[in-house]
Amino acid sequence: MTKGFSSQSKRNLPRITILLLLLVIFLATYQKNCASNKNWNASKKIQLAKNDLPDSQTISSVLHSTLPHYNLMEEISGFRKSAKQTSYSNKCGLDYMNANKMEQDHPCVIETIRQFFLNKPTPSNVPLKLDSNDAGNRSPGQTDVIMKLLNNQTKGFFVECGALDGEYMSNTIDLERKFGWSGILIEANPVTFKKLSARHRKAWTLPVCLSLEPFPTKVTFQMKVGDPGHSHIEGEAETLQEPGIPGVDPSLIEVQCFPLYSILLAVGVIKVDFLSLDVEGHELKILKTIPWRKLDIKTLTVEWDHIPEGQEALSSFMEANGFVKIGAFDFLWSKDVIFVQNQSISIG
C-alpha cells in the first residue's frame, strides 16, 4: 500500500508543480494591476476640483476603473418596487444612475458621491472663518432644545440639510465650536454653498440636495438669491413654499440630489446624534426615503410649515418609525417639530 501511494504521488508531482507556478504568476500579475489602477485613480482624482463638477462621461470613466462588478446590497423591501434592480455596468454616469433609478446603496452611487461631491472637513488646526466670533448661539432655538435632550453631549455627529452659509441660523455651528461635534453639511444653493465652503467648518460638505426618492435624481431648483433661506426644489415636487417670482428671482437651475442614506454610506456613518432638516416643504418626502432600521438617529428637528401633508402626517410617520414627538416649536423664522428615538433618550 505504501509503495503504491508513493508511486501515485510521483506521477502527480509535475501537475502540482505546474499549478503552483500558474498561481504564482497570477498573483504577481494581479498585484501589479491593482497598484497601477490605484496610482491612476489617485492621479485622476487630484485633477478634479470638488466645486467644478465633472460631466457624466468623466464620472463613468473614473468609476469604471475603480469599481468591480458588484452584486447589489440588500435593500429594504418597501423600496424594491420603486427602485429598479440594476447591476453595475460600464455606464456609471449621473444621467445613467438617475434614469435607471439606481438603488441608494449601490456602489456606483456611493463612489460617485465620494469622488465628485463630498468635501472633507477642514483640519482641526485651521480656525473657523465666521462673520462674527461672539459666543452667541447662531441657532434660532433648536440647538438649545437638542442639547438639553442630549445632556450637553460632546463629540457627537450631526447632519444638517439646508445648512445655508454654515453660520447664519445654523443649527450645528455651536455644536461644533462649543461641544466638539463633527458631521455633514448639505446645501443645494450654489451661491450659499460657496460661502459655506469658506467657513472652514469641521464637517463634510456637499453641494447637493436630498433626493425625494430612494434613488438619485436631478431636479429644478429655485435659488432665491435675495432670500436664500427659502431656496427650494421646484417643478413637479409639490410644496406650500411660494414659487420664484418672474423678473425678481433668477432662472431655475438644475441640481443633483442623492438620498440621505447614500450620503451617510459615502461618509461611512450610520449613527447620527442630531439630524436637522429644513428644505422648505419636502421634509416628509425625504424622511420616507430613509431605511430607518439600518440607521441609528437619536434626535431630529424638522421644519413642518411648508409640508403639504401637514404636521399631523409628519408626526404620524415618525411615530410609526419608532420616534417620540417632543413638541412643536415656533422658533424665530421657523416652525419645527422635534423628535427623539424611542427608548434612546430618557425624557422627564
# chains A, B, ... in the order shown; residues from 1 in each chain; ligands from 1
call {"tool": "select_by_dssp", "arguments": {"residues": "range 130-209 of chain A", "states": "strand (DSSP E)", "output": "compact mmCIF listing (two decimals) with N, CA and C atoms, in the first residue's frame"}}
result
# COMPACT_ATOMS: atom_id res chain seq x y z
N PHE A 157 -22.31 63.55 16.46
CA PHE A 157 -22.29 63.64 15.00
C PHE A 157 -23.63 64.17 14.52
N PHE A 158 -23.60 65.23 13.69
CA PHE A 158 -24.81 65.86 13.19
C PHE A 158 -24.91 65.75 11.68
N VAL A 159 -26.12 65.93 11.17
CA VAL A 159 -26.36 66.12 9.75
C VAL A 159 -27.31 67.30 9.64
N GLU A 160 -26.91 68.31 8.88
CA GLU A 160 -27.77 69.48 8.68
C GLU A 160 -28.02 69.67 7.19
N CYS A 161 -29.28 69.55 6.81
CA CYS A 161 -29.65 69.77 5.42
C CYS A 161 -30.49 71.03 5.34
N SER A 182 -18.77 66.90 15.10
CA SER A 182 -18.48 66.94 13.67
C SER A 182 -19.73 66.46 12.96
N GLY A 183 -19.70 66.46 11.62
CA GLY A 183 -20.91 65.99 10.93
C GLY A 183 -20.88 66.23 9.44
N ILE A 184 -22.08 66.40 8.89
CA ILE A 184 -22.27 66.58 7.45
C ILE A 184 -23.15 67.80 7.23
N LEU A 185 -22.73 68.67 6.32
CA LEU A 185 -23.50 69.87 5.96
C LEU A 185 -23.89 69.77 4.49
N ILE A 186 -25.18 69.89 4.21
CA ILE A 186 -25.70 69.75 2.86
C ILE A 186 -26.41 71.03 2.46
N ALA A 203 -16.57 69.74 9.21
CA ALA A 203 -17.62 68.81 8.82
C ALA A 203 -17.51 68.53 7.32
N TRP A 204 -18.02 67.37 6.91
CA TRP A 204 -18.12 67.05 5.49
C TRP A 204 -19.16 67.98 4.86
N THR A 205 -18.91 68.45 3.65
CA THR A 205 -19.85 69.34 2.97
C THR A 205 -20.14 68.83 1.57
N LEU A 206 -21.41 69.05 1.13
CA LEU A 206 -21.83 68.60 -0.20
C LEU A 206 -22.73 69.65 -0.86
N CYS A 209 -28.72 68.37 -3.21
CA CYS A 209 -29.97 68.34 -2.46
C CYS A 209 -30.25 66.91 -2.05
call {"tool": "residues_around", "arguments": {"residues": "Arg199 in chain A", "least_positions_apart": "4", "cutoff": "7 Å", "atoms": "only C-alpha atoms", "output": "PyMOL selection string"}}
result
chain A and resi 128-130+166+195
call {"tool": "atom_distance", "arguments": {"atom1": "CA of Phe116 in chain A", "atom2": "CA of Val272 in chain A"}}
result
23.2 Å
call {"tool": "residues_around", "arguments": {"residues": "Lys155 in chain A", "least_positions_apart": "3", "cutoff": "12 Å", "atoms": "only C-alpha atoms", "output": "list in words"}}
result
Leu150, Asn152, Phe158, Leu175, Glu176, Arg177, Lys178, Phe179, Gly180, Trp181, Ser182, Gly183, Lys202, Val272, Asp273 and Phe274 of chain A
call {"tool": "write_last_selection", "arguments": {"atoms": "N, CA and C atoms", "output": "PDB file, in the first residue's frame"}}
result
ATOM      1  N   LEU A 150     -29.906  65.859  25.022  1.00  0.00           N
ATOM      2  CA  LEU A 150     -28.689  65.040  24.964  1.00  0.00           C
ATOM      3  C   LEU A 150     -27.743  65.312  26.126  1.00  0.00           C
ATOM      4  N   ASN A 152     -26.039  67.911  27.033  1.00  0.00           N
ATOM      5  CA  ASN A 152     -24.800  68.589  26.619  1.00  0.00           C
ATOM      6  C   ASN A 152     -23.726  67.602  26.150  1.00  0.00           C
ATOM      7  N   PHE A 158     -23.597  65.226  13.693  1.00  0.00           N
ATOM      8  CA  PHE A 158     -24.814  65.857  13.193  1.00  0.00           C
ATOM      9  C   PHE A 158     -24.906  65.748  11.679  1.00  0.00           C
ATOM     10  N   LEU A 175     -22.718  73.373  18.104  1.00  0.00           N
ATOM     11  CA  LEU A 175     -22.373  72.013  18.493  1.00  0.00           C
ATOM     12  C   LEU A 175     -20.910  71.739  18.153  1.00  0.00           C
ATOM     13  N   GLU A 176     -20.485  72.288  17.031  1.00  0.00           N
ATOM     14  CA  GLU A 176     -19.119  72.068  16.565  1.00  0.00           C
ATOM     15  C   GLU A 176     -18.111  72.852  17.389  1.00  0.00           C
ATOM     16  N   ARG A 177     -18.345  74.162  17.564  1.00  0.00           N
ATOM     17  CA  ARG A 177     -17.314  75.003  18.184  1.00  0.00           C
ATOM     18  C   ARG A 177     -17.341  74.975  19.717  1.00  0.00           C
ATOM     19  N   LYS A 178     -18.480  74.583  20.317  1.00  0.00           N
ATOM     20  CA  LYS A 178     -18.576  74.570  21.772  1.00  0.00           C
ATOM     21  C   LYS A 178     -18.521  73.174  22.381  1.00  0.00           C
ATOM     22  N   PHE A 179     -18.938  72.157  21.603  1.00  0.00           N
ATOM     23  CA  PHE A 179     -19.026  70.808  22.163  1.00  0.00           C
ATOM     24  C   PHE A 179     -18.219  69.770  21.384  1.00  0.00           C
ATOM     25  N   GLY A 180     -17.447  70.230  20.385  1.00  0.00           N
ATOM     26  CA  GLY A 180     -16.543  69.331  19.684  1.00  0.00           C
ATOM     27  C   GLY A 180     -17.202  68.348  18.741  1.00  0.00           C
ATOM     28  N   TRP A 181     -18.387  68.682  18.242  1.00  0.00           N
ATOM     29  CA  TRP A 181     -19.085  67.796  17.317  1.00  0.00           C
ATOM     30  C   TRP A 181     -18.487  67.901  15.911  1.00  0.00           C
ATOM     31  N   SER A 182     -18.767  66.903  15.099  1.00  0.00           N
ATOM     32  CA  SER A 182     -18.479  66.940  13.666  1.00  0.00           C
ATOM     33  C   SER A 182     -19.733  66.458  12.957  1.00  0.00           C
ATOM     34  N   GLY A 183     -19.704  66.457  11.620  1.00  0.00           N
ATOM     35  CA  GLY A 183     -20.906  65.992  10.935  1.00  0.00           C
ATOM     36  C   GLY A 183     -20.882  66.235   9.442  1.00  0.00           C
ATOM     37  N   LYS A 202     -15.618  72.094  10.445  1.00  0.00           N
ATOM     38  CA  LYS A 202     -15.005  70.779  10.691  1.00  0.00           C
ATOM     39  C   LYS A 202     -16.024  69.684  10.392  1.00  0.00           C
ATOM     40  N   VAL A 272     -26.247  58.778  13.885  1.00  0.00           N
ATOM     41  CA  VAL A 272     -26.368  60.240  13.850  1.00  0.00           C
ATOM     42  C   VAL A 272     -27.035  60.686  15.150  1.00  0.00           C
ATOM     43  N   ASP A 273     -26.407  61.610  15.855  1.00  0.00           N
ATOM     44  CA  ASP A 273     -26.971  62.091  17.119  1.00  0.00           C
ATOM     45  C   ASP A 273     -28.025  63.165  16.905  1.00  0.00           C
ATOM     46  N   PHE A 274     -27.886  63.931  15.820  1.00  0.00           N
ATOM     47  CA  PHE A 274     -28.841  65.015  15.560  1.00  0.00           C
ATOM     48  C   PHE A 274     -28.961  65.258  14.062  1.00  0.00           C
TER      49      PHE A 274
END
call {"tool": "atom_distance", "arguments": {"atom1": "CA of Lys285 in chain A", "atom2": "CA of Leu164 in chain A"}}
result
20.3 Å
